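So this one's upload.cif, mmCIF, C-alpha atoms and all ligand atoms:
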```cif
data_query
#
loop_
_atom_site.label_atom_id
_atom_site.label_comp_id
_atom_site.auth_asym_id
_atom_site.auth_seq_id
_atom_site.Cartn_x
_atom_site.Cartn_y
_atom_site.Cartn_z
CA MET A 13 95.83 -33.27 39.38
CA SER A 14 94.91 -30.75 36.74
CA ILE A 15 96.70 -30.13 33.52
CA ILE A 16 96.57 -26.92 31.60
CA PHE A 17 97.96 -27.38 28.18
CA ALA A 18 98.57 -24.01 26.66
CA ASN A 19 100.43 -22.70 23.66
CA PHE A 20 101.30 -25.80 21.69
CA ALA A 21 103.58 -24.17 19.14
CA SER A 22 105.48 -22.02 21.60
CA ASN A 23 108.43 -23.02 23.64
CA VAL A 24 106.67 -22.59 26.93
CA LEU A 25 104.25 -25.25 28.03
CA GLU A 26 102.17 -24.56 31.07
CA CYS A 27 101.48 -27.62 33.07
CA GLY A 28 99.72 -28.77 36.15
CA LEU A 29 101.13 -29.77 39.42
CA LYS A 30 101.61 -33.17 40.98
CA ASN A 31 102.31 -33.21 44.64
CA ASN A 32 103.20 -36.79 45.47
CA PHE A 33 106.11 -37.54 43.21
CA THR A 34 108.75 -39.50 45.15
CA GLY A 35 110.69 -41.79 42.84
CA GLN A 36 109.08 -40.28 39.78
CA PRO A 37 110.83 -38.49 36.99
CA PHE A 38 109.49 -35.04 36.47
CA VAL A 39 110.06 -32.37 33.92
CA TYR A 40 109.89 -28.69 34.30
CA PHE A 41 109.35 -26.46 31.36
CA CYS A 42 110.46 -22.96 30.82
CA LYS A 43 112.85 -22.48 27.98
CA SER A 44 114.68 -25.66 29.04
CA PHE A 45 113.91 -29.14 30.25
CA LEU A 46 115.28 -30.61 33.42
CA TYR A 47 114.80 -34.24 34.38
CA HIS A 48 115.26 -35.30 37.91
CA TYR A 49 114.51 -38.52 39.74
CA SER A 50 113.16 -37.28 43.00
CA ARG A 51 114.38 -38.90 46.17
CA ALA A 52 112.82 -39.42 49.57
CA GLN A 53 112.68 -36.32 51.73
CA GLU A 54 112.58 -34.07 48.70
CA THR A 55 109.64 -31.79 48.53
CA LEU A 56 108.25 -29.84 45.68
CA LYS A 57 109.45 -26.75 47.47
CA SER A 58 113.03 -28.01 47.83
CA LEU A 59 113.08 -28.95 44.16
CA LEU A 60 111.76 -25.58 43.12
CA TYR A 61 114.59 -24.09 45.10
CA ASP A 62 117.19 -26.50 43.65
CA PHE A 63 116.20 -25.77 40.09
CA TYR A 64 115.76 -22.04 40.47
CA VAL A 65 112.15 -22.40 39.38
CA LYS A 66 110.18 -19.25 39.92
CA PRO A 67 106.92 -19.86 41.77
CA ASN A 68 104.74 -19.25 38.72
CA GLU A 69 106.41 -22.02 36.78
CA LYS A 70 104.85 -25.39 37.21
CA LEU A 71 105.94 -29.01 37.46
CA MET A 72 104.30 -32.07 36.09
CA HIS A 73 104.63 -35.77 35.59
CA PHE A 74 106.46 -36.52 32.36
CA SER A 75 104.42 -39.52 31.21
CA ILE A 76 101.21 -37.55 31.60
CA LEU A 77 102.61 -34.74 29.53
CA LYS A 78 103.57 -37.20 26.80
CA ARG A 79 100.05 -38.57 26.82
CA VAL A 80 98.62 -35.06 26.59
CA LEU A 81 100.94 -34.18 23.71
CA PHE A 82 99.94 -37.34 21.88
CA THR A 83 96.24 -36.70 22.45
CA VAL A 84 96.46 -33.11 21.27
CA VAL A 85 98.39 -34.04 18.14
CA THR A 86 95.93 -36.85 17.36
CA LEU A 87 92.98 -34.53 17.88
CA ILE A 88 94.41 -31.88 15.61
CA ILE A 89 95.15 -34.40 12.89
CA ALA A 90 91.62 -35.77 13.14
CA VAL A 91 89.98 -32.36 13.04
CA SER A 92 91.91 -30.72 10.28
CA PRO A 93 94.59 -32.40 8.16
CA ALA A 94 95.81 -29.12 6.68
CA LEU A 95 96.01 -27.38 10.03
CA ALA A 96 97.74 -30.41 11.49
CA GLN A 97 100.42 -30.35 8.81
CA ASP A 98 101.02 -26.70 9.53
CA MET A 99 101.22 -27.29 13.23
CA ILE A 100 103.55 -30.24 12.86
CA ALA A 101 105.76 -28.36 10.44
CA ARG A 102 105.99 -25.46 12.85
CA GLN A 103 106.49 -27.75 15.80
CA ALA A 104 109.33 -29.80 14.30
CA PRO A 105 112.16 -27.30 14.75
CA VAL A 106 110.91 -26.47 18.23
CA ASP A 107 111.05 -30.15 19.10
CA ARG A 108 114.56 -30.45 17.83
CA LYS A 109 115.62 -27.35 19.69
CA MET A 110 114.01 -28.62 22.86
CA LYS A 111 115.77 -31.95 22.53
CA ALA A 112 119.13 -30.22 22.17
CA VAL A 113 118.56 -27.98 25.15
CA ASP A 114 117.18 -30.94 27.04
CA THR A 115 120.41 -32.92 26.62
CA LEU A 116 122.57 -29.98 27.66
CA ALA A 117 120.41 -29.22 30.66
CA LEU A 118 120.44 -32.86 31.70
CA LYS A 119 124.23 -32.97 31.45
CA ASP A 120 124.45 -29.80 33.46
CA LEU A 121 122.17 -31.23 36.12
CA ILE A 122 124.13 -34.48 36.35
CA HIS A 123 127.33 -32.47 36.56
CA ARG A 124 125.96 -30.41 39.44
CA GLU A 125 124.66 -33.43 41.34
CA GLN A 126 127.98 -35.25 40.91
CA ALA A 127 129.92 -32.24 42.05
CA ALA A 128 128.04 -32.35 45.34
CA SER A 129 128.39 -36.09 45.94
CA PRO A 130 129.77 -38.40 43.25
CA ALA A 131 128.18 -41.81 42.55
CA GLN A 132 125.30 -41.39 44.99
CA ASP A 133 123.65 -44.56 43.70
CA LEU A 134 126.46 -46.67 45.15
CA TYR A 135 127.42 -44.75 48.26
CA GLU A 136 125.02 -43.64 50.91
CA ASP A 137 127.34 -41.46 52.87
CA TRP A 138 130.22 -39.12 52.32
CA ASN A 139 132.91 -39.15 55.00
CA ASN A 140 136.52 -38.11 55.42
CA VAL A 141 137.28 -40.84 57.94
CA TYR A 142 137.26 -44.35 56.48
CA ALA A 143 139.59 -45.05 53.58
CA HIS A 144 137.81 -48.26 52.66
CA LYS A 145 134.97 -49.39 54.82
CA ALA A 146 133.25 -52.12 52.79
CA THR A 147 129.60 -51.40 52.07
CA GLN A 148 126.92 -53.37 50.23
CA LEU A 149 128.48 -54.50 46.93
CA PRO A 150 126.20 -54.46 43.92
CA ASP A 151 125.83 -57.79 42.06
CA SER A 152 126.91 -56.03 38.92
CA PHE A 153 127.79 -52.49 38.02
CA LEU A 154 128.98 -50.90 34.80
CA VAL A 155 131.98 -48.63 35.31
CA ASP A 156 132.51 -45.99 32.63
CA LEU A 157 136.24 -45.82 31.91
CA ARG A 158 136.14 -43.14 29.25
CA HIS A 159 137.57 -39.70 30.05
CA TYR A 160 140.32 -41.31 32.11
CA CYS A 161 143.83 -40.07 32.71
CA MET A 162 146.67 -42.39 33.66
CA PRO A 163 147.67 -41.41 37.22
CA THR A 164 151.32 -41.61 36.23
CA PRO A 165 153.14 -41.94 32.90
CA SER A 166 155.13 -44.80 34.45
CA ARG A 167 154.92 -48.07 32.53
CA VAL A 168 156.79 -49.97 35.23
CA VAL A 169 154.71 -52.23 37.47
CA THR A 170 156.94 -53.30 40.37
CA SER A 171 154.38 -55.29 42.33
CA ASN A 172 151.10 -56.93 41.39
CA PHE A 173 147.75 -56.90 43.11
CA GLY A 174 147.04 -60.03 45.16
CA ALA A 175 148.77 -62.34 47.62
CA ARG A 176 152.20 -61.05 48.61
CA TRP A 177 154.40 -62.10 51.53
CA GLY A 178 151.55 -63.94 53.17
CA ARG A 179 149.12 -61.03 52.99
CA GLN A 180 146.97 -59.37 50.41
CA HIS A 181 148.38 -56.48 48.44
CA LYS A 182 145.28 -54.42 47.69
CA GLY A 183 146.81 -52.28 44.95
CA ILE A 184 149.35 -52.18 42.20
CA ASP A 185 152.82 -50.64 42.69
CA LEU A 186 154.20 -48.40 39.99
CA LYS A 187 157.72 -47.09 39.91
CA VAL A 188 157.80 -43.31 40.28
CA TYR A 189 160.51 -40.96 41.51
CA ILE A 190 160.12 -38.54 44.40
CA GLY A 191 158.44 -35.41 43.06
CA ASP A 192 156.91 -37.05 39.98
CA THR A 193 153.47 -35.75 39.02
CA ILE A 194 150.48 -37.86 40.10
CA ARG A 195 147.11 -37.16 38.46
CA SER A 196 143.52 -38.02 39.22
CA ALA A 197 142.45 -41.02 37.13
CA PHE A 198 138.86 -39.77 36.63
CA SER A 199 136.74 -36.82 37.60
CA GLY A 200 135.29 -36.80 41.08
CA LYS A 201 135.71 -35.43 44.56
CA VAL A 202 138.58 -35.86 47.01
CA ARG A 203 137.28 -37.79 50.00
CA MET A 204 140.43 -38.12 52.08
CA VAL A 205 143.89 -36.59 52.34
CA LYS A 206 145.65 -38.24 55.28
CA TYR A 207 148.98 -39.44 56.63
CA GLU A 208 149.59 -42.94 57.96
CA ALA A 209 153.16 -43.46 59.14
CA ALA A 210 152.98 -47.26 59.34
CA GLY A 211 151.12 -47.79 56.09
CA TYR A 212 150.08 -45.59 53.21
CA GLY A 213 152.24 -42.59 54.20
CA HIS A 214 150.70 -39.49 52.61
CA TYR A 215 147.67 -40.73 50.72
CA ILE A 216 144.63 -39.48 48.85
CA VAL A 217 141.24 -41.15 48.34
CA ILE A 218 139.07 -39.87 45.49
CA ARG A 219 135.48 -40.89 44.81
CA HIS A 220 134.74 -40.73 41.11
CA ASN A 221 131.55 -40.03 39.23
CA ASN A 222 131.82 -43.47 37.57
CA GLY A 223 131.47 -45.24 40.95
CA LEU A 224 135.11 -46.13 41.49
CA GLU A 225 137.23 -44.91 44.34
CA THR A 226 140.95 -44.61 43.76
CA ILE A 227 143.73 -44.42 46.34
CA TYR A 228 147.17 -42.92 45.73
CA ALA A 229 149.68 -43.77 48.48
CA HIS A 230 153.28 -43.10 49.61
CA LEU A 231 153.15 -39.56 48.16
CA SER A 232 155.79 -37.02 49.08
CA LYS A 233 153.26 -34.22 48.86
CA PRO A 234 149.49 -34.16 48.40
CA LEU A 235 148.34 -31.11 46.43
CA VAL A 236 144.57 -31.26 46.96
CA ASP A 237 142.27 -30.84 49.94
CA GLU A 238 139.47 -33.01 51.24
CA ASN A 239 136.08 -32.29 49.60
CA GLU A 240 137.75 -30.64 46.62
CA THR A 241 136.30 -31.41 43.20
CA VAL A 242 138.83 -32.74 40.70
CA ARG A 243 138.73 -33.55 37.02
CA ALA A 244 140.46 -36.41 35.25
CA GLY A 245 144.07 -35.37 34.71
CA ASP A 246 144.22 -32.78 37.50
CA VAL A 247 147.49 -32.92 39.40
CA ILE A 248 146.70 -34.21 42.89
CA GLY A 249 150.11 -34.85 44.41
CA LEU A 250 153.76 -35.74 43.98
CA GLY A 251 155.22 -39.24 44.04
CA GLY A 252 157.23 -40.26 47.08
CA ASN A 253 158.43 -42.84 49.55
CA THR A 254 156.44 -42.05 52.70
CA GLY A 255 154.88 -44.59 55.07
CA ARG A 256 155.66 -48.30 54.81
CA SER A 257 157.57 -48.19 51.57
CA THR A 258 160.97 -49.28 50.37
CA GLY A 259 161.93 -47.12 47.44
CA SER A 260 159.80 -44.41 45.93
CA HIS A 261 156.71 -45.72 44.17
CA LEU A 262 153.01 -45.09 43.72
CA HIS A 263 150.73 -47.59 45.41
CA PHE A 264 147.52 -47.30 43.39
CA GLU A 265 144.20 -48.87 44.39
CA THR A 266 140.84 -49.09 42.67
CA ARG A 267 137.82 -49.90 44.80
CA ILE A 268 134.07 -50.26 44.47
CA CYS A 269 132.08 -49.83 47.68
CA GLY A 270 135.27 -50.22 49.68
CA VAL A 271 136.22 -53.53 48.04
CA ALA A 272 139.59 -53.56 46.26
CA ILE A 273 139.64 -54.75 42.68
CA ASN A 274 142.84 -55.30 40.73
CA PRO A 275 143.70 -52.03 38.92
CA ALA A 276 145.16 -54.20 36.12
CA ILE A 277 141.59 -55.26 35.30
CA LEU A 278 140.93 -51.63 34.34
CA PHE A 279 144.31 -50.08 33.48
CA ASP A 280 147.10 -51.18 31.21
CA PHE A 281 150.09 -49.27 32.57
CA ARG A 282 152.51 -50.77 30.10
CA ASN A 283 150.51 -49.32 27.24
CA GLN A 284 149.31 -46.27 29.19
CA ASP A 285 145.68 -46.97 28.44
CA VAL A 286 142.47 -48.28 29.92
CA VAL A 287 141.57 -51.84 29.01
CA ALA A 288 138.21 -50.89 27.45
CA ASP A 289 135.66 -48.08 27.39
CA SER A 290 133.84 -49.64 30.29
CA TYR A 291 134.16 -52.45 32.79
CA MET A 292 131.26 -54.62 33.89
CA PHE A 293 131.92 -55.35 37.52
CA ARG A 294 130.34 -58.61 38.72
CA SER A 295 130.66 -59.51 42.37
CA ASN A 296 130.97 -63.25 41.62
CA THR A 297 133.72 -63.03 39.00
CA TYR A 298 135.96 -60.06 39.81
CA LYS A 299 138.33 -62.17 41.95
CA ASP A 300 138.90 -64.66 39.15
CA GLU A 301 139.64 -61.85 36.71
CA SER A 302 142.52 -60.64 38.88
CA ALA A 303 145.06 -63.39 38.11
CA GLU A 304 144.43 -63.10 34.39
CA ALA A 305 144.85 -59.32 34.57
CA ASN A 306 148.20 -59.75 36.36
CA ARG A 307 149.34 -62.18 33.70
CA LEU A 308 148.34 -59.84 30.87
CA ARG A 309 149.14 -56.44 32.33
CA GLY A 310 151.11 -56.95 35.53
CA LYS A 311 154.75 -56.93 36.59
CA VAL A 312 157.33 -57.87 33.96
CA GLY A 313 160.78 -59.37 34.60
CA ASN A 314 162.87 -58.76 37.70
CA GLY A 315 162.46 -55.07 38.18
CA GLY A 316 164.83 -53.71 35.52
CA TYR A 317 163.66 -50.49 33.91
CA THR A 318 164.92 -47.34 32.28
CA ARG A 319 164.25 -43.82 33.53
CA GLU A 320 162.25 -43.10 30.41
CA GLN A 321 159.90 -46.00 31.14
CA VAL A 322 159.15 -44.39 34.49
CA THR A 323 158.85 -40.72 33.58
CA GLY A 324 157.47 -41.35 30.09
CA GLU A 325 157.69 -38.72 27.44
CA ALA A 326 156.59 -35.90 29.70
CA GLU A 327 155.21 -33.76 26.93
CA LEU A 328 153.09 -36.55 25.49
CA ALA A 329 151.66 -37.38 28.89
CA ALA A 330 150.76 -33.73 29.46
CA THR A 331 149.04 -33.52 26.09
CA GLU A 332 147.02 -36.60 26.90
CA ALA A 333 145.94 -35.09 30.19
CA VAL A 334 144.86 -31.90 28.49
CA LYS A 335 142.96 -33.91 25.92
CA THR A 336 141.19 -35.79 28.67
CA ILE A 337 140.18 -32.58 30.38
CA ALA A 338 138.95 -31.17 27.09
CA ALA A 339 136.80 -34.26 26.58
CA GLU A 340 134.67 -33.24 29.54
CA THR A 341 132.52 -30.38 28.49
CA ARG A 342 131.14 -27.79 30.90
CA TYR A 343 127.80 -26.05 30.58
CA HIS A 344 126.47 -22.91 32.11
CA LYS A 345 122.86 -22.01 32.78
CA VAL A 346 122.49 -18.29 32.26
CA ARG A 347 121.18 -16.40 35.27
CA LYS A 348 119.40 -13.08 35.23
CA GLY A 349 121.76 -10.15 34.73
CA GLU A 350 124.58 -12.21 33.27
CA THR A 351 126.22 -11.19 30.01
CA LEU A 352 128.41 -13.06 27.55
CA ALA A 353 131.33 -11.07 28.93
CA SER A 354 130.64 -11.96 32.57
CA ILE A 355 130.22 -15.64 31.70
CA ALA A 356 133.38 -15.67 29.58
CA LYS A 357 135.31 -14.17 32.47
CA LYS A 358 133.96 -16.77 34.88
CA TYR A 359 135.25 -19.62 32.71
CA GLY A 360 138.51 -17.90 31.76
CA MET A 361 137.47 -17.65 28.12
CA SER A 362 137.00 -14.88 25.61
CA VAL A 363 133.56 -13.81 24.37
CA GLN A 364 134.64 -14.88 20.87
CA GLU A 365 135.43 -18.39 22.10
CA ILE A 366 132.05 -18.78 23.79
CA CYS A 367 130.27 -17.45 20.68
CA ARG A 368 132.14 -19.82 18.40
CA MET A 369 131.47 -22.77 20.68
CA ASN A 370 127.75 -22.02 20.84
CA ARG A 371 127.49 -20.87 17.22
CA ILE A 372 126.02 -17.53 18.19
CA SER A 373 127.02 -14.03 17.17
CA LYS A 374 128.56 -11.57 19.61
CA SER A 375 125.57 -9.28 19.30
CA LYS A 376 123.09 -11.99 20.29
CA ARG A 377 121.26 -11.27 23.51
CA ILE A 378 121.36 -14.15 25.94
CA LYS A 379 118.40 -15.00 28.13
CA ALA A 380 118.16 -16.33 31.64
CA GLY A 381 117.69 -20.08 31.64
CA GLN A 382 119.62 -20.54 28.41
CA ILE A 383 122.34 -23.18 28.44
CA LEU A 384 125.74 -22.27 27.09
CA ARG A 385 128.65 -24.53 26.44
CA CYS A 386 131.66 -23.15 28.31
CA SER A 387 134.52 -25.54 27.55
ZN ZN A 401 151.66 -51.31 47.14
#
```

Please, can you express the file's structure as structure tokens?
Ligand SMILES: [Zn+2]
Amino acid sequence: MSIIFANFASNVLECGLKNNFTGQPFVYFCKSFLYHYSRAQETLKSLLYDFYVKPNEKLMHFSILKRVLFTVVTLIIAVSPALAQDMIARQAPVDRKMKAVDTLALKDLIHREQAASPAQDLYEDWNNVYAHKATQLPDSFLVDLRHYCMPTPSRVVTSNFGARWGRQHKGIDLKVYIGDTIRSAFSGKVRMVKYEAAGYGHYIVIRHNNGLETIYAHLSKPLVDENETVRAGDVIGLGGNTGRSTGSHLHFETRICGVAINPAILFDFRNQDVVADSYMFRSNTYKDESAEANRLRGKVGNGGYTREQVTGEAELAATEAVKTIAAETRYHKVRKGETLASIAKKYGMSVQEICRMNRISKSKRIKAGQILRCS
């Protein structure tokens, strides 16, 4: 491959082209960085298309670029100390700027990939047919539990995960009343919205970006459609008593690769919180963790509860949900012809809000390829 290394101090680096790049990270330069681990079947052409790269912009292997950068800097330093200092001084803010844009662009890319198919590393296929067909379990997997929203404000666990009446209860039962709001626990994409008269009743399966799948059963009314993207805290349905259920409640399941794990390992319904910022799933220990989780965070007493314990303080719960949504920031890559006004409209914001968020003035001209924070 050939590398053309052009204007060092400018923002635009012209690079060579590498054709065989499967499994390799690559970077494309033109006002912003994008990293992408290429997968089988992807071609340079398909990537160019995916990343809106114009044909005259080039791709190259990241490690080679780093080497080139290092070599050039070393050369300059060797040749002329004074010039080198100048160059480095001029380069520093550009580097910082690039890093900032880089992070935003990377987040944006991840966001877009997840929107299409969440947790692709764990799940090979996307279907609307099997609620929980077990697939290859990883030996260990770190589940990010931040940016969660409790699916219900109910603090009342009426039935634990585990052996029950001679069979396995694959979820946790939470007291809710018919019509109570049920929310998505994390961001992701709705995989199934189905009805099963002899079992789950109306139920929803959501695949989350953190690798978990959650199931919400016995609903009176689902409020989302299959293949719809949801964010943590979005209302997905109303609590109910449909299917095989005695008394209205939410049957809530958490699964990894189709295998049910005790939701009490992850969620503390009594305290309306997650147990930690993350959970390290290990295929050889998760079963043992279940009993301990039931003891610590499971059913209490003989089923007595107050209405307030079930419905929570509605306002507080809503605020928490809003906070969770706010914690997930959205980014927008400016396309040709777009203006601050058109972008603001798209995200339901004012121009002032976008300017404040991005620390730019209203009169600033935005350029295609620029990344803007939009929530
Ligand atoms: Zn249940």

Q. Just how far from CA of Gly315 in chain A is CA of Val271 in chain A, in Å to one decimal?
A. 28.1 Å

Could you build a table of the residues in chain A lying no more than 10 Å from ligand ZN 401 (chain A), giving for each the nearest pair of atoms and their separation in Å rounded to one decimal place, using all atoms listed in the file, ordered by chain and ascending residue number, as a Markdown table?
```
| residue | atom | partner | partner_atom | distance |
| --- | --- | --- | --- | --- |
| A:Thr170 | CA | A:ZN401 | ZN | 8.8 |
| A:Ser171 | CA | A:ZN401 | ZN | 6.8 |
| A:Asn172 | CA | A:ZN401 | ZN | 8.1 |
| A:Phe173 | CA | A:ZN401 | ZN | 7.9 |
| A:Arg176 | CA | A:ZN401 | ZN | 9.9 |
| A:Gln180 | CA | A:ZN401 | ZN | 9.9 |
| A:His181 | CA | A:ZN401 | ZN | 6.3 |
| A:Lys182 | CA | A:ZN401 | ZN | 7.1 |
| A:Gly183 | CA | A:ZN401 | ZN | 5.4 |
| A:Ile184 | CA | A:ZN401 | ZN | 5.5 |
| A:Asp185 | CA | A:ZN401 | ZN | 4.6 |
| A:Leu186 | CA | A:ZN401 | ZN | 8.1 |
| A:Gly211 | CA | A:ZN401 | ZN | 9.6 |
| A:Tyr212 | CA | A:ZN401 | ZN | 8.5 |
| A:Tyr228 | CA | A:ZN401 | ZN | 9.6 |
| A:Ala229 | CA | A:ZN401 | ZN | 7.9 |
| A:His230 | CA | A:ZN401 | ZN | 8.7 |
| A:Arg256 | CA | A:ZN401 | ZN | 9.2 |
| A:Ser257 | CA | A:ZN401 | ZN | 8.0 |
| A:His261 | CA | A:ZN401 | ZN | 8.1 |
| A:Leu262 | CA | A:ZN401 | ZN | 7.2 |
| A:His263 | CA | A:ZN401 | ZN | 4.2 |
| A:Phe264 | CA | A:ZN401 | ZN | 6.9 |
| A:Glu265 | CA | A:ZN401 | ZN | 8.3 |
```

Keeping C-alpha atoms for every residue in the selection just given, could you write it to a file as a CSV table (one decimal), keeping the file's coordinate frame?
```
chain,number,residue,atom,x,y,z
A,170,THR,CA,156.9,-53.3,40.4
A,171,SER,CA,154.4,-55.3,42.3
A,172,ASN,CA,151.1,-56.9,41.4
A,173,PHE,CA,147.8,-56.9,43.1
A,176,ARG,CA,152.2,-61.0,48.6
A,180,GLN,CA,147.0,-59.4,50.4
A,181,HIS,CA,148.4,-56.5,48.4
A,182,LYS,CA,145.3,-54.4,47.7
A,183,GLY,CA,146.8,-52.3,45.0
A,184,ILE,CA,149.4,-52.2,42.2
A,185,ASP,CA,152.8,-50.6,42.7
A,186,LEU,CA,154.2,-48.4,40.0
A,211,GLY,CA,151.1,-47.8,56.1
A,212,TYR,CA,150.1,-45.6,53.2
A,228,TYR,CA,147.2,-42.9,45.7
A,229,ALA,CA,149.7,-43.8,48.5
A,230,HIS,CA,153.3,-43.1,49.6
A,256,ARG,CA,155.7,-48.3,54.8
A,257,SER,CA,157.6,-48.2,51.6
A,261,HIS,CA,156.7,-45.7,44.2
A,262,LEU,CA,153.0,-45.1,43.7
A,263,HIS,CA,150.7,-47.6,45.4
A,264,PHE,CA,147.5,-47.3,43.4
A,265,GLU,CA,144.2,-48.9,44.4
```

**Q.** Separation of CA of Ile194 in chain A from CA of His123 in chain A in Å
**A.**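 For CA of His123 in chain A relative to CA of Ile194 in chain A, the distance reads 24.0 Å.
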
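Of note, CA of Ser290 in chain A and CA of Val322 in chain A are spaced 26.2 Å apart.
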
Q | Nearby residues (only C-alpha atoms) at most 9 Å from Gln132 in chain A, same-chain spacing under 5 positions excluded, as a list in words | A |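 Counting only the stated atoms, we get Glu125, Gln126, Asp137, Asn221 and Gly223 of chain A.
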
Q) Which is closest to Ser260 in chain A among A:Gln284, A:Ser373, A:Ser362, A:Ser232, if we use all atoms listed in the file? A)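 Ranking A:Gln284, A:Ser373, A:Ser362, A:Ser232 by distance to Ser260 in chain A, first place goes to A:Ser232.
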
Q. Which is closest to Lys145 in chain A among A:Ala117, A:Thr297, A:Arg267, A:Val287, if we use all atoms listed in the file?
A.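 Result for the nearest residue to Lys145 in chain A: A:Arg267.
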
Q. Taking into account only C-alpha atoms, which residue in the set A:Gly245, A:Gly174, A:Pro234, A:Gly200 is nearest to Asn306 in chain A?
A.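 Of the candidates, the smallest distance to Asn306 in chain A is held by A:Gly174.
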
Q. From the list A:Val141, A:Leu154, A:Gln321, A:Gln148, which residue is nearest Glu238 in chain A when using all atoms listed in the file?
A.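 Of the candidates, the smallest distance to Glu238 in chain A is held by A:Val141.
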
Q.
Using only C-alpha atoms, list the residues that have an atom at most 9 Å from (124.5, -21.2, 29.4), coordinates as in the file, as a PyMOL selection string.
A. chain A and resi 343-347+355+378-386

Q | Contacts of Pro150 in chain A within 9 Å, all atoms listed in the file, excl. fewer than 5 positions in-chain, as a PyMOL selection string | A | chain A and resi 134+268-269+293-295

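If you measure from each of A:Lys201, A:Arg124, A:Arg167, A:Lys374 to Val312 in chain A using only C-alpha atoms, the closest one turns out to be A:Arg167.
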
Q) Looking at all atoms listed in the file, which of A:Arg309, A:Arg319, A:Arg179, A:Lys376 is the one that sits closest to Asp280 in chain A? A) A:Arg309
